[in-house]
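Shown here: upload27.txt, compact mmCIF, C-alpha atoms and all ligand atoms.
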```txt
# COMPACT_ATOMS: atom_id res chain seq x y z
CA MET A 160 -102.51 -21.96 -57.16
CA HIS A 161 -102.34 -25.36 -58.80
CA VAL A 162 -105.59 -26.88 -59.96
CA GLN A 163 -103.87 -29.88 -61.53
CA GLY A 164 -105.10 -33.14 -60.05
CA SER A 165 -108.17 -31.63 -58.45
CA ALA A 166 -110.47 -34.25 -59.97
CA GLU A 167 -108.17 -36.91 -58.57
CA THR A 168 -108.20 -35.20 -55.17
CA ALA A 169 -111.97 -35.02 -55.15
CA GLN A 170 -112.11 -38.75 -55.93
CA LEU A 171 -109.58 -39.54 -53.18
CA LEU A 172 -111.53 -37.53 -50.61
CA GLN A 173 -114.74 -39.27 -51.62
CA ASP A 174 -113.04 -42.67 -51.32
CA ALA A 175 -111.59 -41.70 -47.94
CA ASP A 176 -115.02 -40.72 -46.72
CA ARG A 177 -116.40 -44.07 -47.91
CA SER A 178 -113.67 -46.31 -46.56
CA ILE A 179 -111.68 -44.78 -43.69
CA LEU A 180 -113.17 -45.34 -40.24
CA PHE A 181 -113.98 -41.96 -38.79
CA THR A 182 -111.80 -41.11 -35.79
CA ALA A 183 -110.91 -37.45 -36.37
CA ALA A 184 -112.03 -34.47 -38.42
CA ARG A 185 -109.35 -34.08 -41.10
CA PRO A 186 -108.94 -31.19 -43.54
CA GLU A 187 -110.07 -31.69 -47.14
CA LEU A 188 -106.68 -32.53 -48.60
CA VAL A 189 -104.50 -35.57 -49.18
CA MET A 190 -100.79 -35.55 -48.40
CA GLU A 191 -98.68 -37.07 -51.12
CA ARG A 192 -95.00 -36.30 -50.69
CA GLY A 193 -92.52 -34.99 -48.17
CA GLU A 194 -89.01 -33.62 -48.32
CA GLY A 195 -87.05 -31.94 -45.55
CA MET A 196 -89.24 -29.42 -43.74
CA TYR A 197 -92.03 -29.61 -46.35
CA LEU A 198 -95.07 -31.73 -47.22
CA TRP A 199 -96.98 -31.53 -50.50
CA ASP A 200 -100.61 -32.43 -51.06
CA THR A 201 -102.13 -33.93 -54.22
CA GLU A 202 -102.94 -30.41 -55.46
CA GLY A 203 -99.27 -29.48 -55.37
CA HIS A 204 -99.61 -27.11 -52.40
CA SER A 205 -96.61 -27.11 -50.07
CA TYR A 206 -96.73 -27.01 -46.29
CA LEU A 207 -93.89 -25.95 -44.02
CA ASP A 208 -94.20 -28.58 -41.29
CA PHE A 209 -93.74 -27.24 -37.76
CA THR A 210 -95.56 -30.24 -36.29
CA GLY A 211 -92.76 -32.53 -37.51
CA GLY A 212 -95.23 -35.29 -38.34
CA TRP A 213 -96.27 -35.07 -34.66
CA ALA A 214 -92.78 -34.78 -33.12
CA VAL A 215 -91.78 -37.81 -35.17
CA THR A 216 -89.92 -36.81 -38.34
CA CYS A 217 -86.85 -35.56 -36.48
CA LEU A 218 -84.67 -35.71 -39.61
CA GLY A 219 -87.36 -34.10 -41.74
CA HIS A 220 -89.49 -35.78 -44.38
CA SER A 221 -88.13 -38.65 -46.48
CA PRO A 222 -84.49 -38.31 -45.36
CA ALA A 223 -81.88 -40.21 -47.36
CA VAL A 224 -80.70 -41.81 -44.10
CA ILE A 225 -83.99 -43.71 -43.77
CA ARG A 226 -84.26 -44.53 -47.45
CA ASP A 227 -80.74 -45.98 -47.51
CA ALA A 228 -81.20 -47.97 -44.29
CA LEU A 229 -84.46 -49.45 -45.57
CA SER A 230 -83.11 -50.39 -48.97
CA ARG A 231 -79.96 -51.95 -47.52
CA GLN A 232 -81.79 -53.89 -44.82
CA SER A 233 -84.74 -54.96 -46.98
CA ALA A 234 -82.27 -56.53 -49.42
CA THR A 235 -80.63 -58.46 -46.56
CA LEU A 236 -83.25 -59.52 -44.02
CA VAL A 237 -86.82 -58.26 -43.53
CA ASN A 238 -88.01 -60.58 -40.78
CA ALA A 239 -86.41 -63.50 -38.96
CA SER A 240 -89.19 -63.85 -36.33
CA PRO A 241 -89.00 -62.57 -32.76
CA SER A 242 -87.60 -65.90 -31.56
CA PHE A 243 -84.13 -65.15 -32.96
CA TYR A 244 -81.58 -62.42 -32.42
CA ASN A 245 -80.72 -60.48 -35.56
CA LYS A 246 -77.72 -58.27 -36.26
CA PRO A 247 -79.41 -54.84 -36.52
CA MET A 248 -81.31 -55.51 -33.28
CA ILE A 249 -78.08 -56.16 -31.36
CA GLU A 250 -76.36 -53.20 -32.98
CA PHE A 251 -79.23 -50.84 -32.13
CA ALA A 252 -79.50 -52.02 -28.52
CA ARG A 253 -75.73 -51.46 -28.07
CA LEU A 254 -76.07 -47.97 -29.54
CA LEU A 255 -78.94 -46.96 -27.22
CA THR A 256 -77.40 -48.38 -24.04
CA GLY A 257 -74.10 -46.70 -24.94
CA LEU A 258 -75.80 -43.31 -25.27
CA SER A 259 -77.88 -43.53 -22.09
CA VAL A 260 -77.66 -44.65 -18.47
CA PHE A 261 -79.56 -47.88 -19.20
CA ASP A 262 -78.36 -51.46 -19.60
CA LYS A 263 -81.08 -53.35 -21.44
CA VAL A 264 -83.58 -52.58 -24.21
CA PHE A 265 -86.93 -54.03 -25.26
CA PHE A 266 -88.15 -52.95 -28.71
CA ALA A 267 -91.74 -52.42 -29.83
CA SER A 268 -93.56 -50.51 -32.56
CA SER A 269 -95.57 -47.76 -30.83
CA GLY A 270 -95.18 -45.56 -27.79
CA ALA A 271 -98.21 -46.99 -26.03
CA GLU A 272 -96.77 -50.48 -26.43
CA ALA A 273 -93.44 -49.42 -24.89
CA ASN A 274 -95.32 -47.89 -21.95
CA GLU A 275 -97.43 -51.05 -21.55
CA GLY A 276 -94.14 -52.91 -21.27
CA ALA A 277 -92.95 -50.50 -18.58
CA VAL A 278 -96.15 -50.98 -16.55
CA LYS A 279 -95.92 -54.76 -16.92
CA LEU A 280 -92.32 -54.60 -15.72
CA ALA A 281 -93.39 -52.40 -12.78
CA ARG A 282 -96.05 -54.95 -11.79
CA LYS A 283 -93.53 -57.77 -12.10
CA TYR A 284 -91.12 -55.83 -9.91
CA GLY A 285 -93.92 -55.21 -7.41
CA ARG A 286 -94.75 -58.89 -7.28
CA LEU A 287 -91.12 -59.95 -6.86
CA HIS A 288 -89.84 -57.22 -4.52
CA LEU A 289 -92.70 -55.16 -3.06
CA GLY A 290 -95.04 -57.81 -1.69
CA GLY A 291 -97.38 -57.78 -4.70
CA ALA A 292 -97.75 -54.00 -5.05
CA TYR A 293 -99.21 -53.07 -8.46
CA ASP A 294 -100.41 -49.45 -8.38
CA VAL A 295 -98.69 -47.06 -10.78
CA ILE A 296 -99.00 -43.36 -9.99
CA THR A 297 -99.12 -40.96 -12.94
CA THR A 298 -99.69 -37.21 -13.25
CA ALA A 299 -102.72 -35.15 -14.20
CA ASN A 300 -102.51 -33.68 -17.70
CA GLY A 301 -99.94 -36.32 -18.73
CA PHE A 302 -100.18 -38.51 -21.80
CA HIS A 303 -99.08 -42.11 -22.21
CA GLY A 304 -100.95 -43.49 -25.21
CA ARG A 305 -104.24 -44.91 -26.43
CA THR A 306 -104.40 -48.58 -25.50
CA LEU A 307 -106.97 -49.35 -22.81
CA ALA A 308 -104.33 -49.49 -20.07
CA MET A 309 -102.54 -46.36 -21.27
CA MET A 310 -105.83 -44.46 -21.49
CA SER A 311 -106.30 -45.46 -17.85
CA ALA A 312 -102.73 -44.40 -17.04
CA THR A 313 -103.16 -41.06 -18.80
CA GLY A 314 -104.38 -38.36 -16.45
CA LYS A 315 -106.56 -36.54 -18.93
CA ARG A 316 -109.88 -35.34 -17.56
CA GLN A 317 -111.69 -35.70 -20.92
CA TRP A 318 -110.83 -39.42 -20.93
CA GLU A 319 -112.10 -40.23 -17.43
CA GLN A 320 -115.47 -41.54 -18.57
CA LEU A 321 -114.29 -43.11 -21.85
CA PHE A 322 -114.28 -46.88 -22.45
CA LEU A 323 -115.32 -47.87 -18.96
CA PRO A 324 -114.44 -49.89 -17.02
CA LYS A 325 -110.95 -48.46 -16.65
CA VAL A 326 -107.98 -50.77 -16.25
CA PRO A 327 -107.36 -50.79 -12.49
CA GLY A 328 -104.04 -50.00 -10.87
CA PHE A 329 -103.51 -46.36 -11.83
CA ARG A 330 -103.71 -43.29 -9.60
CA HIS A 331 -103.36 -39.71 -10.82
CA VAL A 332 -101.78 -36.88 -8.86
CA PRO A 333 -101.27 -33.20 -9.74
CA PHE A 334 -98.08 -32.54 -11.76
CA ASN A 335 -95.20 -30.73 -10.04
CA ASP A 336 -96.67 -31.36 -6.59
CA ILE A 337 -94.25 -33.45 -4.53
CA ASP A 338 -96.52 -33.48 -1.46
CA ALA A 339 -99.38 -34.95 -3.50
CA ALA A 340 -96.99 -37.53 -4.96
CA VAL A 341 -95.77 -38.59 -1.54
CA ALA A 342 -99.30 -38.61 -0.10
CA ALA A 343 -100.49 -40.91 -2.90
CA MET A 344 -97.75 -43.48 -2.32
CA ASN A 345 -98.70 -46.46 -0.18
CA PRO A 346 -97.63 -50.10 0.25
CA ASN A 347 -99.52 -50.99 -2.94
CA THR A 348 -97.47 -48.56 -5.08
CA CYS A 349 -94.88 -50.16 -7.39
CA ALA A 350 -94.02 -47.26 -9.72
CA PHE A 351 -94.32 -43.57 -10.53
CA MET A 352 -94.56 -42.72 -14.22
CA LEU A 353 -94.34 -39.25 -15.75
CA GLU A 354 -93.14 -37.11 -18.64
CA LEU A 355 -90.45 -34.55 -17.75
CA VAL A 356 -92.05 -32.18 -20.22
CA GLN A 357 -95.73 -32.94 -20.71
CA GLY A 358 -96.06 -32.87 -24.49
CA GLU A 359 -99.69 -33.52 -25.46
CA GLY A 360 -100.69 -31.77 -22.22
CA GLY A 361 -99.31 -28.50 -23.62
CA VAL A 362 -95.53 -28.37 -23.05
CA HIS A 363 -95.31 -28.07 -19.29
CA ALA A 364 -91.89 -28.84 -17.86
CA ALA A 365 -91.38 -30.52 -14.50
CA ASP A 366 -89.63 -28.39 -11.86
CA PRO A 367 -86.06 -29.58 -11.26
CA GLU A 368 -86.64 -29.66 -7.50
CA TYR A 369 -89.81 -31.75 -7.94
CA VAL A 370 -87.96 -34.31 -10.08
CA ARG A 371 -85.00 -34.49 -7.71
CA ARG A 372 -87.24 -35.06 -4.71
CA LEU A 373 -89.32 -37.60 -6.62
CA ARG A 374 -86.13 -39.53 -7.37
CA HIS A 375 -85.22 -39.49 -3.65
CA VAL A 376 -88.68 -40.60 -2.54
CA CYS A 377 -88.70 -43.45 -5.06
CA ASP A 378 -85.22 -44.52 -3.92
CA ASP A 379 -86.22 -44.43 -0.26
CA SER A 380 -89.36 -46.51 -0.75
CA GLY A 381 -88.03 -48.80 -3.51
CA ILE A 382 -90.59 -47.49 -6.00
CA MET A 383 -89.65 -47.71 -9.69
CA LEU A 384 -89.34 -44.36 -11.49
CA ILE A 385 -90.49 -44.58 -15.11
CA ILE A 386 -89.82 -41.61 -17.37
CA ASP A 387 -91.89 -41.45 -20.57
CA GLU A 388 -89.54 -39.79 -23.11
CA ILE A 389 -91.60 -40.80 -26.12
CA GLN A 390 -91.97 -37.13 -27.08
CA THR A 391 -88.93 -35.62 -25.34
CA GLY A 392 -86.31 -38.21 -26.28
CA LEU A 393 -83.56 -38.18 -28.92
CA GLY A 394 -82.60 -34.52 -28.95
CA ARG A 395 -86.03 -32.91 -28.97
CA THR A 396 -85.46 -30.88 -25.77
CA GLY A 397 -81.92 -29.79 -26.60
CA LYS A 398 -80.26 -32.75 -24.90
CA LEU A 399 -80.30 -36.33 -26.14
CA PHE A 400 -82.69 -37.27 -23.29
CA ALA A 401 -84.71 -34.88 -21.13
CA TYR A 402 -83.56 -36.57 -17.90
CA GLU A 403 -80.09 -35.11 -18.62
CA HIS A 404 -81.50 -31.63 -17.89
CA TYR A 405 -82.54 -32.81 -14.43
CA GLY A 406 -79.42 -34.56 -13.16
CA ILE A 407 -81.32 -37.75 -12.31
CA GLU A 408 -81.28 -41.29 -13.66
CA PRO A 409 -84.65 -42.96 -14.26
CA ASP A 410 -85.03 -46.69 -13.59
CA VAL A 411 -86.95 -47.18 -16.80
CA MET A 412 -87.33 -44.92 -19.85
CA THR A 413 -89.59 -45.29 -22.86
CA LEU A 414 -88.82 -43.90 -26.32
CA GLY A 415 -90.99 -43.61 -29.43
CA LYS A 416 -91.85 -40.96 -32.01
CA GLY A 417 -88.45 -39.51 -33.06
CA ILE A 418 -86.55 -42.78 -32.53
CA GLY A 419 -87.69 -44.07 -35.92
CA GLY A 420 -87.80 -40.70 -37.68
CA GLY A 421 -91.22 -41.69 -39.06
CA PHE A 422 -90.84 -45.47 -39.09
CA PRO A 423 -93.04 -47.18 -36.45
CA LEU A 424 -90.60 -47.94 -33.65
CA SER A 425 -90.42 -47.63 -29.88
CA ALA A 426 -88.25 -48.90 -27.06
CA MET A 427 -88.22 -49.46 -23.32
CA LEU A 428 -84.82 -49.07 -21.67
CA VAL A 429 -84.13 -50.39 -18.17
CA LYS A 430 -81.36 -50.61 -15.60
CA GLU A 431 -79.94 -54.09 -15.05
CA ARG A 432 -81.69 -54.27 -11.66
CA PHE A 433 -85.01 -54.35 -13.54
CA ASN A 434 -84.04 -57.10 -15.98
CA LEU A 435 -86.87 -59.18 -14.49
CA PHE A 436 -89.01 -60.66 -17.26
CA GLU A 437 -89.20 -64.42 -17.65
CA PRO A 438 -90.08 -66.27 -20.86
CA GLY A 439 -93.74 -65.69 -21.67
CA ASP A 440 -93.99 -62.38 -19.79
CA GLN A 441 -93.28 -60.00 -22.62
CA GLY A 442 -92.84 -60.10 -26.38
CA GLY A 443 -94.34 -59.03 -29.67
CA THR A 444 -94.27 -60.16 -33.29
CA TYR A 445 -92.39 -57.02 -34.33
CA SER A 446 -90.06 -56.70 -31.35
CA GLY A 447 -86.61 -56.18 -32.87
CA GLN A 448 -87.96 -56.20 -36.44
CA PRO A 449 -84.84 -55.84 -38.65
CA LEU A 450 -86.16 -53.02 -40.88
CA ALA A 451 -87.14 -51.00 -37.81
CA MET A 452 -83.80 -51.74 -36.13
CA ALA A 453 -81.82 -50.65 -39.19
CA VAL A 454 -83.83 -47.44 -39.49
CA GLY A 455 -83.57 -46.68 -35.75
CA THR A 456 -79.81 -47.22 -35.81
CA ALA A 457 -79.40 -44.93 -38.80
CA VAL A 458 -81.68 -42.23 -37.35
CA VAL A 459 -80.04 -42.20 -33.91
CA ARG A 460 -76.52 -42.20 -35.43
CA GLU A 461 -77.52 -39.19 -37.54
CA ILE A 462 -78.94 -37.33 -34.51
CA VAL A 463 -75.74 -37.98 -32.55
CA GLY A 464 -73.32 -37.54 -35.46
CA LYS A 465 -74.78 -34.17 -36.47
CA ASN A 466 -75.26 -33.13 -32.83
CA LEU A 467 -78.89 -32.31 -33.53
CA ALA A 468 -79.65 -32.00 -29.81
CA ALA A 469 -77.43 -28.91 -29.57
CA HIS A 470 -78.89 -27.67 -32.86
CA ALA A 471 -82.40 -28.09 -31.39
CA ALA A 472 -81.42 -26.02 -28.33
CA LYS A 473 -80.06 -23.23 -30.54
CA GLN A 474 -82.95 -23.19 -33.00
CA GLY A 475 -85.47 -23.38 -30.15
CA ALA A 476 -83.98 -20.24 -28.61
CA TYR A 477 -84.18 -18.52 -32.00
CA ILE A 478 -87.86 -19.45 -32.38
CA CYS A 479 -88.63 -18.17 -28.87
CA ALA A 480 -86.95 -14.84 -29.61
CA GLY A 481 -89.04 -14.55 -32.78
CA LEU A 482 -92.23 -15.44 -30.92
CA ARG A 483 -91.48 -12.84 -28.25
CA GLU A 484 -91.19 -10.25 -31.00
CA LEU A 485 -94.57 -11.31 -32.40
CA SER A 486 -96.01 -11.31 -28.91
CA SER A 487 -95.68 -7.53 -28.51
CA LYS A 488 -97.83 -7.08 -31.62
CA HIS A 489 -100.27 -9.96 -31.26
CA GLY A 490 -100.45 -10.59 -27.52
CA LEU A 491 -98.91 -14.08 -27.44
CA GLU A 492 -98.43 -15.20 -23.87
CA HIS A 493 -96.57 -17.75 -21.85
CA ILE A 494 -94.01 -18.66 -24.55
CA ARG A 495 -92.34 -21.76 -23.16
CA GLY A 496 -90.66 -25.07 -23.79
CA MET A 497 -87.29 -26.73 -24.22
CA GLY A 498 -85.31 -27.14 -27.40
CA LEU A 499 -87.75 -27.74 -30.25
CA LEU A 500 -90.75 -28.61 -28.09
CA LEU A 501 -92.42 -25.22 -27.70
CA ALA A 502 -95.81 -23.72 -26.96
CA PHE A 503 -97.56 -20.41 -26.37
CA GLU A 504 -101.00 -19.09 -25.48
CA LEU A 505 -103.22 -16.95 -27.67
CA PRO A 506 -105.07 -13.87 -26.44
CA GLU A 507 -108.38 -15.61 -27.28
CA ALA A 508 -109.51 -19.23 -27.42
CA ARG A 509 -109.22 -19.45 -31.22
CA SER A 510 -106.31 -21.84 -31.79
CA GLY A 511 -108.31 -24.05 -34.17
CA GLU A 512 -108.96 -21.05 -36.42
CA LEU A 513 -105.29 -20.08 -36.30
CA VAL A 514 -104.23 -23.61 -37.30
CA ASN A 515 -106.59 -23.45 -40.30
CA GLU A 516 -105.46 -19.96 -41.25
CA CYS A 517 -101.81 -21.05 -41.10
CA ARG A 518 -102.52 -24.15 -43.18
CA LYS A 519 -104.07 -21.96 -45.87
CA LEU A 520 -100.81 -20.00 -45.86
CA GLY A 521 -98.81 -23.22 -46.16
CA LEU A 522 -97.74 -23.66 -42.53
CA LEU A 523 -98.55 -26.59 -40.24
CA ILE A 524 -98.76 -25.96 -36.48
CA ASN A 525 -100.64 -27.79 -33.72
CA ALA A 526 -103.32 -26.72 -31.23
CA PRO A 527 -103.31 -29.01 -28.17
CA ASN A 528 -106.21 -27.01 -26.73
CA PRO A 529 -108.45 -24.10 -27.78
CA GLN A 530 -106.10 -21.36 -26.57
CA MET A 531 -102.71 -22.95 -27.11
CA ILE A 532 -100.31 -23.54 -30.00
CA ARG A 533 -97.53 -26.13 -29.95
CA LEU A 534 -94.51 -26.30 -32.25
CA MET A 535 -92.40 -29.44 -32.64
CA PRO A 536 -90.54 -29.08 -35.96
CA PRO A 537 -87.95 -31.52 -37.29
CA LEU A 538 -84.60 -31.17 -35.49
CA ILE A 539 -82.95 -30.16 -38.77
CA VAL A 540 -84.89 -26.88 -39.04
CA THR A 541 -82.81 -23.93 -40.28
CA LYS A 542 -83.01 -20.21 -39.39
CA GLN A 543 -84.34 -19.51 -42.86
CA GLU A 544 -87.24 -21.93 -42.32
CA ILE A 545 -87.88 -20.45 -38.88
CA ASP A 546 -88.05 -16.96 -40.42
CA ALA A 547 -90.50 -18.30 -43.04
CA MET A 548 -92.62 -19.84 -40.26
CA LEU A 549 -92.64 -16.60 -38.24
CA GLU A 550 -93.67 -14.62 -41.30
CA LYS A 551 -96.61 -16.93 -42.06
CA LEU A 552 -97.60 -17.06 -38.39
CA ALA A 553 -97.54 -13.26 -38.17
CA ALA A 554 -99.74 -13.01 -41.26
CA ALA A 555 -102.24 -15.51 -39.83
CA LEU A 556 -102.25 -13.76 -36.45
CA GLY A 557 -102.78 -10.44 -38.20
CA ARG A 558 -105.85 -11.83 -39.95
CA LEU A 559 -107.36 -13.19 -36.72
CA PHE A 560 -106.42 -10.78 -33.99
CA VAL A 561 -106.84 -7.04 -34.09
CA GLN A 562 -103.60 -5.31 -33.25
CA PRO A 563 -103.75 -3.18 -30.11
CA ARG A 564 -102.45 0.37 -30.48
C1 LIG A 601 -97.22 -39.89 -28.44
C2 LIG A 601 -96.95 -40.28 -27.04
C3 LIG A 601 -97.28 -41.57 -26.55
C4 LIG A 601 -97.99 -42.59 -27.40
O1 LIG A 601 -97.25 -43.02 -28.48
P1 LIG A 601 -97.97 -43.83 -29.67
O2 LIG A 601 -96.87 -44.16 -30.63
O3 LIG A 601 -99.02 -42.94 -30.24
O4 LIG A 601 -98.57 -45.05 -29.05
C5 LIG A 601 -96.97 -41.85 -25.24
N1 LIG A 601 -96.37 -40.96 -24.44
C6 LIG A 601 -96.04 -39.72 -24.87
C7 LIG A 601 -95.36 -38.78 -23.94
C8 LIG A 601 -96.34 -39.34 -26.18
O5 LIG A 601 -96.05 -38.10 -26.60
```
Show this structure as structure tokens.
Amino acid sequence: MHVQGSAETAQLLQDADRSILFTAARPELVMERGEGMYLWDTEGHSYLDFTGGWAVTCLGHSPAVIRDALSRQSATLVNASPSFYNKPMIEFARLLTGLSVFDKVFFASSGAEANEGAVKLARKYGRLHLGGAYDVITTANGFHGRTLAMMSATGKRQWEQLFLPKVPGFRHVPFNDIDAAVAAMNPNTCAFMLELVQGEGGVHAADPEYVRRLRHVCDDSGIMLIIDEIQTGLGRTGKLFAYEHYGIEPDVMTLGKGIGGGFPLSAMLVKERFNLFEPGDQGGTYSGQPLAMAVGTAVVREIVGKNLAAHAAKQGAYICAGLRELSSKHGLEHIRGMGLLLAFELPEARSGELVNECRKLGLLINAPNPQMIRLMPPLIVTKQEIDAMLEKLAAALGRLFVQPR
């Protein structure tokens, strides 16, 4: 083990403790560098990253594609203000509409901001076409972001009493329950918003029949269907967009996380019918920011050009096979997911301990709840790196869980 830099690390941790607003318990280490599937801390320890920077670094850490796009664009135009078109913004919008079923794009910087835009658009649509309807129905256990409105939209029980009063205009219904969805709809409903695979909620996929019927119900009653693909979009599930698995077309889709490969970037895509904003309704200082646009274009071209969606499907299947093998020894249950968005349950509610144990062995995984582990590695992951992950995971499981025999 390296000890080099440990005085520096101690100083950094002390400074962090003094100056960073506390929002989360973080491990006693400082990340310094990333390359491909790996991160390195200031002590020189390496970490095989199966959280993919939180389903964000789809091309791995510090890919040349992003470095080149940033250096090219930063030498040409960094910011022209949101009141002008710029070339990379037009190019990127053309790319995204060409790859999807949507006609128009609004760019933002974070997922929550893209979702806010979708809800504003839904309310606008309700005012113009549904007699002033403004309620948006969302699903229990979903996740849509951390702004006040998105915390109200998110159907997470732990958040119900946080930051009261809630933003009005959101109703939550059980996921995968079409009768509950229909029962909740009334003349004040303007939109239904959901993830096709609930990511933060623990990798729960919508039933195809549920989604198809939801699409029909929304069509029949003129309700806008918003699909939040911030976690599932851009190849993560084994197709470029998760809606492609379901044979439906959303009215509005939001993208974030992987779209910038690590650069803060998000987008809301809409069908022409919902091109309804008027000047003053929607905007943002960084909407269409040239650096972000150049990076997004480069990242999405790489995902498409290398067919990383198909690669994700293949590697995901390989991971699942490996997990099933581990499961006979260590009692892993309910191995599930699509492409490279995967999860499984542990025999005991000790996922936090497992995450720590894995980190000590140089592997990063995520525990969305006390009994569950989620994997969302970069889309570029190789079999060799998957084998390395499975080996470390097996070692950590072996340390925590007694093997039945
Ligand atoms: C991460 C996430 C968000 C929020 O994105 P931020 O960039 O953190 O604002 C919204 N919806 C889903 C499905 C997400 O996974």
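In this structure, atom CA of A:Asp262 sits 23.2 Å away from atom O5 of ligand LIG 601 (chain A).
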| Environment of ligand LIG 601 (chain A) within 7 Å, counting all atoms listed in the file, reported as JSON, numbers by chain | {"A": [269, 270, 271, 272, 302, 303, 304, 305, 354, 357, 358, 359, 387, 388, 389, 390, 415, 416]}
Residues within 12 Å of (-84.4, -29.0, -7.7), counting all atoms listed in the file, listed as a list in words
Asn335, Ile337, Ala365, Asp366, Pro367, Glu368, Tyr369, Val370, Arg371, Arg372, Leu373, Arg374, His375, His404, Tyr405, Gly406 and Ile407 of chain A
Pick from A:Leu522, A:Met531, A:Ala339, A:Val356, whichever lies nearest to A:Asp546 using all atoms listed in the file: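 Going through A:Leu522, A:Met531, A:Ala339, A:Val356 one by one, the smallest distance to A:Asp546 is for A:Leu522.
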note - atom CA of A:Glu507 and atom CA of A:Ser486 are separated by 13.2 Å
Take stretch 540-554 of chain A, bring it up to N, CA and C atoms, and give me the output as an mmCIF file, keeping the file's coordinate frame.
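Result file rebuild-v8.cif:
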```cif
data_model
loop_
_atom_site.group_PDB
_atom_site.id
_atom_site.type_symbol
_atom_site.label_atom_id
_atom_site.label_comp_id
_atom_site.auth_asym_id
_atom_site.auth_seq_id
_atom_site.Cartn_x
_atom_site.Cartn_y
_atom_site.Cartn_z
ATOM 1 N N VAL A 540 -84.367 -28.186 -38.580
ATOM 2 C CA VAL A 540 -84.890 -26.880 -39.040
ATOM 3 C C VAL A 540 -83.785 -25.808 -39.060
ATOM 4 N N THR A 541 -83.807 -24.998 -40.129
ATOM 5 C CA THR A 541 -82.810 -23.930 -40.280
ATOM 6 C C THR A 541 -83.415 -22.567 -39.889
ATOM 7 N N LYS A 542 -82.546 -21.574 -39.708
ATOM 8 C CA LYS A 542 -83.010 -20.210 -39.390
ATOM 9 C C LYS A 542 -83.928 -19.672 -40.483
ATOM 10 N N GLN A 543 -83.555 -19.979 -41.724
ATOM 11 C CA GLN A 543 -84.340 -19.510 -42.860
ATOM 12 C C GLN A 543 -85.768 -20.046 -42.782
ATOM 13 N N GLU A 544 -85.901 -21.330 -42.425
ATOM 14 C CA GLU A 544 -87.240 -21.930 -42.320
ATOM 15 C C GLU A 544 -87.993 -21.387 -41.101
ATOM 16 N N ILE A 545 -87.245 -21.056 -40.052
ATOM 17 C CA ILE A 545 -87.880 -20.450 -38.880
ATOM 18 C C ILE A 545 -88.402 -19.054 -39.242
ATOM 19 N N ASP A 546 -87.599 -18.294 -39.979
ATOM 20 C CA ASP A 546 -88.050 -16.960 -40.420
ATOM 21 C C ASP A 546 -89.305 -17.089 -41.286
ATOM 22 N N ALA A 547 -89.326 -18.086 -42.173
ATOM 23 C CA ALA A 547 -90.500 -18.300 -43.040
ATOM 24 C C ALA A 547 -91.722 -18.642 -42.188
ATOM 25 N N MET A 548 -91.517 -19.476 -41.153
ATOM 26 C CA MET A 548 -92.620 -19.840 -40.260
ATOM 27 C C MET A 548 -93.150 -18.601 -39.545
ATOM 28 N N LEU A 549 -92.217 -17.776 -39.002
ATOM 29 C CA LEU A 549 -92.640 -16.600 -38.240
ATOM 30 C C LEU A 549 -93.417 -15.621 -39.117
ATOM 31 N N GLU A 550 -92.995 -15.519 -40.365
ATOM 32 C CA GLU A 550 -93.670 -14.620 -41.300
ATOM 33 C C GLU A 550 -95.107 -15.083 -41.552
ATOM 34 N N LYS A 551 -95.270 -16.380 -41.812
ATOM 35 C CA LYS A 551 -96.610 -16.930 -42.060
ATOM 36 C C LYS A 551 -97.472 -16.829 -40.799
ATOM 37 N N LEU A 552 -96.858 -17.130 -39.654
ATOM 38 C CA LEU A 552 -97.600 -17.060 -38.390
ATOM 39 C C LEU A 552 -98.071 -15.629 -38.127
ATOM 40 N N ALA A 553 -97.169 -14.663 -38.383
ATOM 41 C CA ALA A 553 -97.540 -13.260 -38.170
ATOM 42 C C ALA A 553 -98.705 -12.871 -39.072
ATOM 43 N N ALA A 554 -98.660 -13.333 -40.322
ATOM 44 C CA ALA A 554 -99.740 -13.010 -41.260
ATOM 45 C C ALA A 554 -101.059 -13.605 -40.773
#
```
